[in-house]
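The structure file final04.tsv is reproduced below (TSV, N, CA and C atoms).
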chain	number	residue	atom	x	y	z
A	1	MET	N	-4.99	150.28	67.46
A	1	MET	CA	-4.70	148.89	67.30
A	1	MET	C	-5.16	148.46	65.91
A	2	LYS	N	-4.38	147.66	65.24
A	2	LYS	CA	-4.69	147.24	63.88
A	2	LYS	C	-5.11	145.79	63.87
A	3	PHE	N	-6.13	145.49	63.08
A	3	PHE	CA	-6.58	144.12	62.89
A	3	PHE	C	-6.63	143.85	61.41
A	4	LYS	N	-6.29	142.65	61.04
A	4	LYS	CA	-6.35	142.29	59.63
A	4	LYS	C	-7.02	140.94	59.51
A	5	ARG	N	-8.02	140.86	58.70
A	5	ARG	CA	-8.73	139.62	58.49
A	5	ARG	C	-8.09	138.89	57.32
A	6	THR	N	-7.69	137.67	57.55
A	6	THR	CA	-7.04	136.92	56.49
A	6	THR	C	-7.96	135.87	55.89
A	7	LEU	N	-9.07	135.59	56.52
A	7	LEU	CA	-10.02	134.61	56.00
A	7	LEU	C	-10.63	135.11	54.71
A	8	ARG	N	-10.65	134.29	53.70
A	8	ARG	CA	-11.15	134.71	52.39
A	8	ARG	C	-12.56	134.22	52.09
A	9	THR	N	-13.20	133.50	53.01
A	9	THR	CA	-14.57	133.09	52.79
A	9	THR	C	-15.46	133.77	53.79
A	10	TYR	N	-16.68	134.05	53.40
A	10	TYR	CA	-17.62	134.73	54.25
A	10	TYR	C	-19.00	134.19	53.93
A	11	TRP	N	-19.67	133.61	54.88
A	11	TRP	CA	-20.97	133.00	54.70
A	11	TRP	C	-20.98	132.03	53.52
A	12	GLY	N	-19.90	131.27	53.37
A	12	GLY	CA	-19.85	130.26	52.34
A	12	GLY	C	-19.52	130.78	50.96
A	13	LEU	N	-19.29	132.08	50.82
A	13	LEU	CA	-18.95	132.65	49.51
A	13	LEU	C	-17.45	132.89	49.46
A	14	ASN	N	-16.85	132.51	48.40
A	14	ASN	CA	-15.43	132.75	48.22
A	14	ASN	C	-15.25	134.18	47.74
A	15	TYR	N	-14.24	134.88	48.28
A	15	TYR	CA	-14.01	136.29	47.90
A	15	TYR	C	-13.85	136.45	46.40
A	16	ASP	N	-13.29	135.44	45.74
A	16	ASP	CA	-13.07	135.53	44.30
A	16	ASP	C	-14.37	135.65	43.53
A	17	GLN	N	-15.50	135.35	44.14
A	17	GLN	CA	-16.79	135.46	43.46
A	17	GLN	C	-17.30	136.89	43.39
A	18	TYR	N	-16.74	137.79	44.20
A	18	TYR	CA	-17.19	139.18	44.19
A	18	TYR	C	-16.72	139.87	42.92
A	19	THR	N	-17.55	140.74	42.41
A	19	THR	CA	-17.17	141.53	41.26
A	19	THR	C	-17.03	142.98	41.71
A	20	ILE	N	-15.83	143.51	41.63
A	20	ILE	CA	-15.56	144.89	42.04
A	20	ILE	C	-15.20	145.67	40.79
A	21	PRO	N	-15.84	146.80	40.55
A	21	PRO	CA	-15.47	147.60	39.38
A	21	PRO	C	-13.97	147.87	39.38
A	22	THR	N	-13.33	147.73	38.23
A	22	THR	CA	-11.88	147.83	38.16
A	22	THR	C	-11.37	149.22	38.53
A	23	ASP	N	-12.17	150.25	38.38
A	23	ASP	CA	-11.70	151.60	38.68
A	23	ASP	C	-12.23	152.11	40.03
A	24	PHE	N	-12.89	151.26	40.84
A	24	PHE	CA	-13.54	151.74	42.06
A	24	PHE	C	-12.55	152.39	43.01
A	25	ASN	N	-11.45	151.74	43.32
A	25	ASN	CA	-10.45	152.30	44.23
A	25	ASN	C	-9.15	152.60	43.51
A	26	LYS	N	-9.20	152.80	42.22
A	26	LYS	CA	-7.99	153.06	41.45
A	26	LYS	C	-7.26	154.26	42.05
A	27	ASN	N	-6.01	154.05	42.37
A	27	ASN	CA	-5.14	155.06	42.99
A	27	ASN	C	-5.68	155.57	44.34
A	28	ASN	N	-6.67	154.91	44.88
A	28	ASN	CA	-7.22	155.30	46.18
A	28	ASN	C	-7.27	154.12	47.14
A	29	SER	N	-6.45	153.10	46.93
A	29	SER	CA	-6.50	151.92	47.79
A	29	SER	C	-6.32	152.32	49.24
A	30	ILE	N	-7.04	151.66	50.11
A	30	ILE	CA	-6.94	151.93	51.53
A	30	ILE	C	-5.57	151.47	52.01
A	31	ASN	N	-4.87	152.32	52.72
A	31	ASN	CA	-3.58	151.96	53.28
A	31	ASN	C	-3.85	151.14	54.54
A	32	GLU	N	-3.56	149.84	54.49
A	32	GLU	CA	-3.87	148.97	55.61
A	32	GLU	C	-3.19	149.39	56.90
A	33	ASP	N	-2.01	149.98	56.81
A	33	ASP	CA	-1.31	150.41	58.01
A	33	ASP	C	-2.00	151.58	58.69
A	34	GLU	N	-2.76	152.37	57.95
A	34	GLU	CA	-3.42	153.55	58.50
A	34	GLU	C	-4.87	153.29	58.89
A	35	PHE	N	-5.55	152.41	58.17
A	35	PHE	CA	-6.99	152.30	58.37
A	35	PHE	C	-7.46	150.87	58.17
A	36	THR	N	-7.08	150.00	59.09
A	36	THR	CA	-7.55	148.62	59.06
A	36	THR	C	-8.24	148.32	60.37
A	37	TYR	N	-9.40	147.72	60.29
A	37	TYR	CA	-10.15	147.32	61.47
A	37	TYR	C	-10.72	145.94	61.18
A	38	TYR	N	-11.22	145.28	62.20
A	38	TYR	CA	-11.81	143.97	62.01
A	38	TYR	C	-13.32	144.04	62.17
A	39	LEU	N	-13.77	144.58	63.30
A	39	LEU	CA	-15.19	144.61	63.58
A	39	LEU	C	-15.52	145.80	64.47
A	40	PHE	N	-16.56	146.53	64.09
A	40	PHE	CA	-17.09	147.59	64.94
A	40	PHE	C	-18.49	147.18	65.36
A	41	LYS	N	-18.85	147.60	66.58
A	41	LYS	CA	-20.21	147.40	67.05
A	41	LYS	C	-20.73	148.73	67.57
A	42	TYR	N	-22.05	148.90	67.43
A	42	TYR	CA	-22.71	150.07	67.98
A	42	TYR	C	-24.11	149.64	68.39
A	43	ARG	N	-24.55	150.09	69.55
A	43	ARG	CA	-25.89	149.75	70.03
A	43	ARG	C	-26.61	151.02	70.45
A	44	THR	N	-27.81	151.22	69.90
A	44	THR	CA	-28.64	152.31	70.39
A	44	THR	C	-29.24	151.86	71.72
A	45	LYS	N	-29.60	152.77	72.55
A	45	LYS	CA	-30.24	152.48	73.85
A	45	LYS	C	-29.51	151.37	74.61
A	46	PRO	N	-28.26	151.59	75.00
A	46	PRO	CA	-27.51	150.54	75.70
A	46	PRO	C	-28.16	150.08	77.00
A	47	ASP	N	-29.00	150.92	77.61
A	47	ASP	CA	-29.66	150.56	78.87
A	47	ASP	C	-30.96	149.79	78.66
A	48	ASP	N	-31.39	149.65	77.40
A	48	ASP	CA	-32.66	148.99	77.10
A	48	ASP	C	-32.45	147.95	75.99
A	49	PRO	N	-31.91	146.78	76.32
A	49	PRO	CA	-31.58	145.80	75.28
A	49	PRO	C	-32.78	145.32	74.46
A	50	MET	N	-33.97	145.35	75.01
A	50	MET	CA	-35.14	144.88	74.27
A	50	MET	C	-35.49	145.80	73.10
A	51	ASP	N	-35.28	147.10	73.25
A	51	ASP	CA	-35.61	148.06	72.20
A	51	ASP	C	-34.39	148.58	71.45
A	52	ALA	N	-33.23	148.03	71.74
A	52	ALA	CA	-31.99	148.51	71.11
A	52	ALA	C	-31.87	148.00	69.68
A	53	LEU	N	-31.19	148.79	68.86
A	53	LEU	CA	-30.77	148.37	67.53
A	53	LEU	C	-29.30	148.05	67.64
A	54	LYS	N	-28.90	146.89	67.15
A	54	LYS	CA	-27.50	146.46	67.24
A	54	LYS	C	-26.90	146.47	65.84
A	55	TYR	N	-25.80	147.19	65.70
A	55	TYR	CA	-25.11	147.31	64.41
A	55	TYR	C	-23.76	146.62	64.48
A	56	ARG	N	-23.38	145.97	63.39
A	56	ARG	CA	-22.05	145.38	63.21
A	56	ARG	C	-21.51	145.87	61.87
A	57	ILE	N	-20.30	146.37	61.88
A	57	ILE	CA	-19.62	146.78	60.65
A	57	ILE	C	-18.37	145.91	60.57
A	58	GLU	N	-18.37	144.96	59.65
A	58	GLU	CA	-17.31	143.97	59.61
A	58	GLU	C	-16.44	144.12	58.37
A	59	TYR	N	-15.16	144.30	58.62
A	59	TYR	CA	-14.15	144.42	57.57
A	59	TYR	C	-13.91	143.03	56.99
A	60	ILE	N	-14.10	142.89	55.70
A	60	ILE	CA	-13.86	141.61	55.04
A	60	ILE	C	-12.54	141.67	54.27
A	61	ASP	N	-12.33	142.77	53.56
A	61	ASP	CA	-11.14	142.94	52.73
A	61	ASP	C	-10.96	144.45	52.52
A	62	ASN	N	-9.87	144.86	51.90
A	62	ASN	CA	-9.65	146.28	51.62
A	62	ASN	C	-10.86	146.93	50.96
A	63	ASP	N	-11.57	146.18	50.15
A	63	ASP	CA	-12.68	146.75	49.39
A	63	ASP	C	-14.06	146.38	49.91
A	64	ILE	N	-14.21	145.30	50.65
A	64	ILE	CA	-15.52	144.79	51.05
A	64	ILE	C	-15.73	144.93	52.55
A	65	VAL	N	-16.90	145.50	52.93
A	65	VAL	CA	-17.33	145.64	54.31
A	65	VAL	C	-18.80	145.25	54.37
A	66	VAL	N	-19.22	144.58	55.43
A	66	VAL	CA	-20.62	144.20	55.60
A	66	VAL	C	-21.20	144.98	56.77
A	67	ILE	N	-22.34	145.65	56.52
A	67	ILE	CA	-23.07	146.36	57.57
A	67	ILE	C	-24.30	145.52	57.91
A	68	ASN	N	-24.46	145.24	59.21
A	68	ASN	CA	-25.57	144.42	59.66
A	68	ASN	C	-26.29	145.15	60.78
A	69	MET	N	-27.63	145.16	60.75
A	69	MET	CA	-28.42	145.72	61.85
A	69	MET	C	-29.42	144.66	62.28
A	70	ASP	N	-29.58	144.52	63.59
A	70	ASP	CA	-30.52	143.54	64.12
A	70	ASP	C	-31.26	144.17	65.29
A	71	SER	N	-32.55	143.97	65.33
A	71	SER	CA	-33.37	144.42	66.45
A	71	SER	C	-34.48	143.40	66.67
A	72	ARG	N	-35.29	143.66	67.64
A	72	ARG	CA	-36.40	142.75	67.94
A	72	ARG	C	-37.37	142.66	66.76
A	73	ASN	N	-37.55	143.75	66.01
A	73	ASN	CA	-38.58	143.79	64.96
A	73	ASN	C	-38.05	143.88	63.54
A	74	ASP	N	-36.75	144.07	63.37
A	74	ASP	CA	-36.25	144.32	62.02
A	74	ASP	C	-34.78	143.92	61.92
A	75	SER	N	-34.32	143.77	60.69
A	75	SER	CA	-32.90	143.50	60.46
A	75	SER	C	-32.57	143.79	59.00
A	76	PHE	N	-31.30	144.03	58.74
A	76	PHE	CA	-30.80	144.11	57.37
A	76	PHE	C	-29.34	143.75	57.37
A	77	GLU	N	-28.84	143.43	56.19
A	77	GLU	CA	-27.43	143.12	56.02
A	77	GLU	C	-27.05	143.52	54.59
A	78	TYR	N	-26.10	144.45	54.49
A	78	TYR	CA	-25.69	144.97	53.20
A	78	TYR	C	-24.19	144.81	53.01
A	79	GLU	N	-23.82	144.31	51.87
A	79	GLU	CA	-22.41	144.27	51.50
A	79	GLU	C	-22.08	145.60	50.84
A	80	CYS	N	-20.97	146.19	51.23
A	80	CYS	CA	-20.59	147.51	50.73
A	80	CYS	C	-19.18	147.50	50.17
A	81	LEU	N	-18.94	148.38	49.24
A	81	LEU	CA	-17.59	148.63	48.75
A	81	LEU	C	-17.01	149.76	49.59
A	82	GLN	N	-15.79	149.59	50.05
A	82	GLN	CA	-15.11	150.59	50.87
A	82	GLN	C	-14.21	151.43	49.97
A	83	LYS	N	-14.40	152.73	50.06
A	83	LYS	CA	-13.63	153.65	49.22
A	83	LYS	C	-12.98	154.70	50.11
A	84	LYS	N	-11.72	154.96	49.88
A	84	LYS	CA	-10.99	155.96	50.65
A	84	LYS	C	-11.54	157.35	50.36
A	85	SER	N	-11.65	158.16	51.41
A	85	SER	CA	-12.07	159.56	51.26
A	85	SER	C	-11.02	160.43	51.93
A	86	GLN	N	-11.22	161.73	51.91
A	86	GLN	CA	-10.25	162.64	52.53
A	86	GLN	C	-10.17	162.45	54.04
A	87	LYS	N	-11.30	162.09	54.68
A	87	LYS	CA	-11.33	161.95	56.13
A	87	LYS	C	-11.14	160.52	56.63
A	88	GLY	N	-11.44	159.54	55.84
A	88	GLY	CA	-11.39	158.14	56.27
A	88	GLY	C	-11.81	157.24	55.14
A	89	VAL	N	-12.94	156.54	55.32
A	89	VAL	CA	-13.48	155.70	54.26
A	89	VAL	C	-14.98	155.91	54.15
A	90	GLU	N	-15.49	155.66	52.95
A	90	GLU	CA	-16.92	155.68	52.69
A	90	GLU	C	-17.34	154.28	52.31
A	91	LEU	N	-18.50	153.85	52.80
A	91	LEU	CA	-19.05	152.55	52.45
A	91	LEU	C	-20.21	152.76	51.50
A	92	HIS	N	-20.10	152.21	50.30
A	92	HIS	CA	-21.12	152.35	49.25
A	92	HIS	C	-21.83	151.02	49.06
A	93	TYR	N	-23.15	151.07	49.01
A	93	TYR	CA	-23.97	149.86	48.84
A	93	TYR	C	-23.54	149.09	47.60
A	94	LYS	N	-23.37	147.77	47.77
A	94	LYS	CA	-23.07	146.88	46.65
A	94	LYS	C	-24.21	145.91	46.42
A	95	LYS	N	-24.59	145.18	47.49
A	95	LYS	CA	-25.70	144.24	47.34
A	95	LYS	C	-26.27	143.86	48.69
A	96	ASN	N	-27.49	143.38	48.66
A	96	ASN	CA	-28.18	142.90	49.83
A	96	ASN	C	-27.76	141.45	50.09
A	97	THR	N	-27.38	141.12	51.31
A	97	THR	CA	-27.05	139.74	51.65
A	97	THR	C	-27.99	139.21	52.72
A	98	GLY	N	-29.01	139.97	53.06
A	98	GLY	CA	-29.99	139.56	54.07
A	98	GLY	C	-31.37	139.49	53.45
A	99	ILE	N	-32.38	139.64	54.28
A	99	ILE	CA	-33.77	139.53	53.83
A	99	ILE	C	-34.28	140.84	53.25
A	100	ASN	N	-34.05	141.96	53.96
A	100	ASN	CA	-34.62	143.25	53.55
A	100	ASN	C	-33.74	143.95	52.54
A	101	GLU	N	-34.32	144.32	51.43
A	101	GLU	CA	-33.61	145.01	50.35
A	101	GLU	C	-33.42	146.49	50.71
A	102	PHE	N	-32.29	147.05	50.32
A	102	PHE	CA	-32.01	148.47	50.54
A	102	PHE	C	-32.83	149.30	49.55
A	103	THR	N	-33.52	150.31	50.04
A	103	THR	CA	-34.37	151.13	49.18
A	103	THR	C	-33.94	152.59	49.16
A	104	GLY	N	-32.81	152.92	49.77
A	104	GLY	CA	-32.35	154.30	49.85
A	104	GLY	C	-31.60	154.75	48.61
A	105	ASP	N	-30.97	155.91	48.70
A	105	ASP	CA	-30.23	156.53	47.61
A	105	ASP	C	-28.88	155.84	47.45
A	106	ARG	N	-28.71	155.11	46.37
A	106	ARG	CA	-27.48	154.35	46.12
A	106	ARG	C	-26.34	155.23	45.60
A	107	SER	N	-26.63	156.48	45.29
A	107	SER	CA	-25.57	157.36	44.79
A	107	SER	C	-24.75	157.97	45.93
A	108	LYS	N	-25.23	157.84	47.16
A	108	LYS	CA	-24.53	158.39	48.33
A	108	LYS	C	-24.00	157.26	49.19
A	109	PRO	N	-22.92	157.50	49.94
A	109	PRO	CA	-22.40	156.45	50.82
A	109	PRO	C	-23.41	156.09	51.91
A	110	LEU	N	-23.45	154.80	52.25
A	110	LEU	CA	-24.30	154.36	53.36
A	110	LEU	C	-23.70	154.76	54.69
A	111	MET	N	-22.37	154.86	54.73
A	111	MET	CA	-21.70	155.19	55.98
A	111	MET	C	-20.35	155.82	55.67
A	112	LYS	N	-19.95	156.72	56.55
A	112	LYS	CA	-18.60	157.30	56.53
A	112	LYS	C	-17.95	156.95	57.86
A	113	ILE	N	-16.76	156.35	57.80
A	113	ILE	CA	-16.02	155.98	59.01
A	113	ILE	C	-14.72	156.78	59.03
A	114	TYR	N	-14.39	157.34	60.18
A	114	TYR	CA	-13.19	158.16	60.29
A	114	TYR	C	-12.64	158.05	61.70
A	115	LYS	N	-11.41	158.50	61.87
A	115	LYS	CA	-10.75	158.44	63.17
A	115	LYS	C	-10.63	159.84	63.76
A	116	LYS	N	-10.73	159.90	65.07
A	116	LYS	CA	-10.40	161.08	65.86
A	116	LYS	C	-9.47	160.56	66.95
A	117	GLY	N	-8.20	160.90	66.83
A	117	GLY	CA	-7.22	160.33	67.76
A	117	GLY	C	-7.12	158.84	67.50
A	118	ASP	N	-7.32	158.04	68.55
A	118	ASP	CA	-7.26	156.59	68.41
A	118	ASP	C	-8.64	155.95	68.28
A	119	ASP	N	-9.71	156.75	68.29
A	119	ASP	CA	-11.07	156.22	68.25
A	119	ASP	C	-11.68	156.36	66.86
A	120	PHE	N	-12.56	155.42	66.53
A	120	PHE	CA	-13.28	155.44	65.25
A	120	PHE	C	-14.69	155.98	65.47
A	121	TYR	N	-15.14	156.80	64.52
A	121	TYR	CA	-16.48	157.37	64.53
A	121	TYR	C	-17.12	157.12	63.18
A	122	ALA	N	-18.45	157.27	63.14
A	122	ALA	CA	-19.17	157.07	61.88
A	122	ALA	C	-20.37	157.99	61.83
A	123	THR	N	-20.79	158.27	60.61
A	123	THR	CA	-22.08	158.90	60.35
A	123	THR	C	-22.75	158.07	59.28
A	124	SER	N	-24.06	157.91	59.42
A	124	SER	CA	-24.82	157.13	58.46
A	124	SER	C	-26.29	157.45	58.58
A	125	PRO	N	-26.98	157.59	57.44
A	125	PRO	CA	-28.43	157.78	57.53
A	125	PRO	C	-29.12	156.54	58.08
A	126	LEU	N	-28.43	155.40	58.11
A	126	LEU	CA	-29.00	154.16	58.64
A	126	LEU	C	-28.97	154.13	60.17
A	127	ILE	N	-28.15	154.98	60.79
A	127	ILE	CA	-27.97	154.94	62.24
A	127	ILE	C	-28.32	156.29	62.84
A	128	GLU	N	-29.35	156.32	63.66
A	128	GLU	CA	-29.76	157.49	64.42
A	128	GLU	C	-29.80	158.77	63.58
A	129	ASP	N	-30.43	158.69	62.43
A	129	ASP	CA	-30.64	159.84	61.54
A	129	ASP	C	-29.36	160.57	61.16
A	130	GLY	N	-28.26	159.86	61.07
A	130	GLY	CA	-27.02	160.45	60.58
A	130	GLY	C	-26.17	161.17	61.60
A	131	LYS	N	-26.53	161.10	62.89
A	131	LYS	CA	-25.70	161.78	63.89
A	131	LYS	C	-24.37	161.03	64.04
A	132	GLU	N	-23.35	161.74	64.49
A	132	GLU	CA	-22.05	161.13	64.71
A	132	GLU	C	-22.12	160.15	65.88
A	133	ILE	N	-21.59	158.95	65.65
A	133	ILE	CA	-21.56	157.94	66.71
A	133	ILE	C	-20.13	157.44	66.89
A	134	LYS	N	-19.83	157.03	68.10
A	134	LYS	CA	-18.52	156.43	68.38
A	134	LYS	C	-18.68	154.92	68.27
A	135	LEU	N	-17.79	154.31	67.47
A	135	LEU	CA	-17.85	152.88	67.25
A	135	LEU	C	-16.99	152.15	68.27
A	136	LYS	N	-17.46	151.00	68.69
A	136	LYS	CA	-16.70	150.16	69.61
A	136	LYS	C	-15.97	149.12	68.78
A	137	GLU	N	-14.64	149.13	68.87
A	137	GLU	CA	-13.83	148.21	68.08
A	137	GLU	C	-13.71	146.88	68.82
A	138	GLU	N	-13.91	145.78	68.10
A	138	GLU	CA	-13.85	144.45	68.69
A	138	GLU	C	-12.90	143.58	67.89
A	139	GLU	N	-12.40	142.54	68.53
A	139	GLU	CA	-11.52	141.59	67.84
A	139	GLU	C	-12.31	140.43	67.30
The structure given in the file should be rewritten as structure tokens.
Amino acid sequence: MKFKRTLRTYWGLNYDQYTIPTDFNKNNSINEDEFTYYLFKYRTKPDDPMDALKYRIEYIDNDIVVINMDSRNDSFEYECLQKKSQKGVELHYKKNTGINEFTGDRSKPLMKIYKKGDDFYATSPLIEDGKEIKLKEEE
């Protein structure tokens, strides 16, 4: 199922305010017909909501995706640039939009999202030590 977000504002910021390197997705633009989503959710420990980490991966535009994590004791929110890869897309850190600053390796993608059949999967050092997870697609 394909979803496309047409809203151009996000948390009061106009998309035109973003600065994207001109060569970031040069000749590698994401084909919206093949790889467009609106929102993914993932929760660790689904049977224990008090200790669960809740992740949201929200598609803003072909190039911009926001990764958000919230738990009882911690949270972060990072704006990422989405870049096409051989398997799917890679999300590269762009800037912090929450309270906690990212302190990891900015030369590597924060997340890789790919499809297996009709389902989306991801790997990320931010989620369960990089193990493969199945993402729940939401509207």
Report summary line: With distances taken over only N, CA and C atoms, the candidate from A:Tyr59, A:Tyr121, A:Tyr42, A:Tyr78 nearest Lys94 in chain A is A:Tyr78
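Counting from CA of Lys131 in chain A, the distance to atom C of Lys87 in chain A is 16.3 Å.
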**Report entry** Separation of atom N of Ile127 in chain A from CA of Met69 in chain A in Å
**Finding:** 9.3 Å
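Computed from the coordinates, the atom C of Glu101 in chain A to atom N of Phe120 in chain A distance equals 27.7 Å.
Counting only C-alpha atoms and comparing A:Ile133, A:Arg56, A:Asp48, A:Cys80, the residue that lies closest to Lys108 in chain A is A:Cys80.
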Query raised in the report: Which one of A:Leu53, A:Phe102, A:Glu132, A:Asp63 sits closest to Glu77 in chain A if you count only N, CA and C atoms?
Result: A:Phe102
**Report entry** From A:Arg106, A:Arg72, A:Lys136, A:Lys112, residue lying nearest Lys84 in chain A [only C-alpha atoms]
**Finding:** A:Lys112
Taking the block just given, write range 97-109 of chain A to a file that holds N, CA and C atoms, as a PDB file, in the first residue's frame.
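Okay, this is what ended up in result-v7.pdb:
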ATOM      1  N   THR A  97      16.020  17.469  16.385  1.00  0.00           N
ATOM      2  CA  THR A  97      14.835  18.306  16.521  1.00  0.00           C
ATOM      3  C   THR A  97      14.183  18.102  17.881  1.00  0.00           C
ATOM      4  N   GLY A  98      14.835  17.356  18.755  1.00  0.00           N
ATOM      5  CA  GLY A  98      14.314  17.100  20.098  1.00  0.00           C
ATOM      6  C   GLY A  98      15.288  17.636  21.131  1.00  0.00           C
ATOM      7  N   ILE A  99      15.233  17.054  22.312  1.00  0.00           N
ATOM      8  CA  ILE A  99      16.067  17.513  23.427  1.00  0.00           C
ATOM      9  C   ILE A  99      17.455  16.892  23.383  1.00  0.00           C
ATOM     10  N   ASN A 100      17.539  15.565  23.182  1.00  0.00           N
ATOM     11  CA  ASN A 100      18.819  14.856  23.253  1.00  0.00           C
ATOM     12  C   ASN A 100      19.559  14.897  21.927  1.00  0.00           C
ATOM     13  N   GLU A 101      20.787  15.347  21.967  1.00  0.00           N
ATOM     14  CA  GLU A 101      21.631  15.446  20.776  1.00  0.00           C
ATOM     15  C   GLU A 101      22.177  14.066  20.397  1.00  0.00           C
ATOM     16  N   PHE A 102      22.289  13.799  19.108  1.00  0.00           N
ATOM     17  CA  PHE A 102      22.860  12.549  18.614  1.00  0.00           C
ATOM     18  C   PHE A 102      24.375  12.586  18.802  1.00  0.00           C
ATOM     19  N   THR A 103      24.931  11.530  19.381  1.00  0.00           N
ATOM     20  CA  THR A 103      26.369  11.488  19.648  1.00  0.00           C
ATOM     21  C   THR A 103      27.062  10.342  18.926  1.00  0.00           C
ATOM     22  N   GLY A 104      26.356   9.643  18.050  1.00  0.00           N
ATOM     23  CA  GLY A 104      26.921   8.491  17.351  1.00  0.00           C
ATOM     24  C   GLY A 104      27.722   8.878  16.123  1.00  0.00           C
ATOM     25  N   ASP A 105      28.070   7.884  15.325  1.00  0.00           N
ATOM     26  CA  ASP A 105      28.869   8.047  14.114  1.00  0.00           C
ATOM     27  C   ASP A 105      27.997   8.599  12.992  1.00  0.00           C
ATOM     28  N   ARG A 106      28.239   9.836  12.611  1.00  0.00           N
ATOM     29  CA  ARG A 106      27.433  10.497  11.575  1.00  0.00           C
ATOM     30  C   ARG A 106      27.827  10.083  10.161  1.00  0.00           C
ATOM     31  N   SER A 107      28.899   9.329  10.024  1.00  0.00           N
ATOM     32  CA  SER A 107      29.313   8.889   8.689  1.00  0.00           C
ATOM     33  C   SER A 107      28.537   7.653   8.225  1.00  0.00           C
ATOM     34  N   LYS A 108      27.824   7.004   9.140  1.00  0.00           N
ATOM     35  CA  LYS A 108      27.052   5.802   8.813  1.00  0.00           C
ATOM     36  C   LYS A 108      25.568   6.108   8.906  1.00  0.00           C
ATOM     37  N   PRO A 109      24.737   5.380   8.145  1.00  0.00           N
ATOM     38  CA  PRO A 109      23.295   5.611   8.238  1.00  0.00           C
ATOM     39  C   PRO A 109      22.761   5.265   9.627  1.00  0.00           C
TER      40      PRO A 109
END
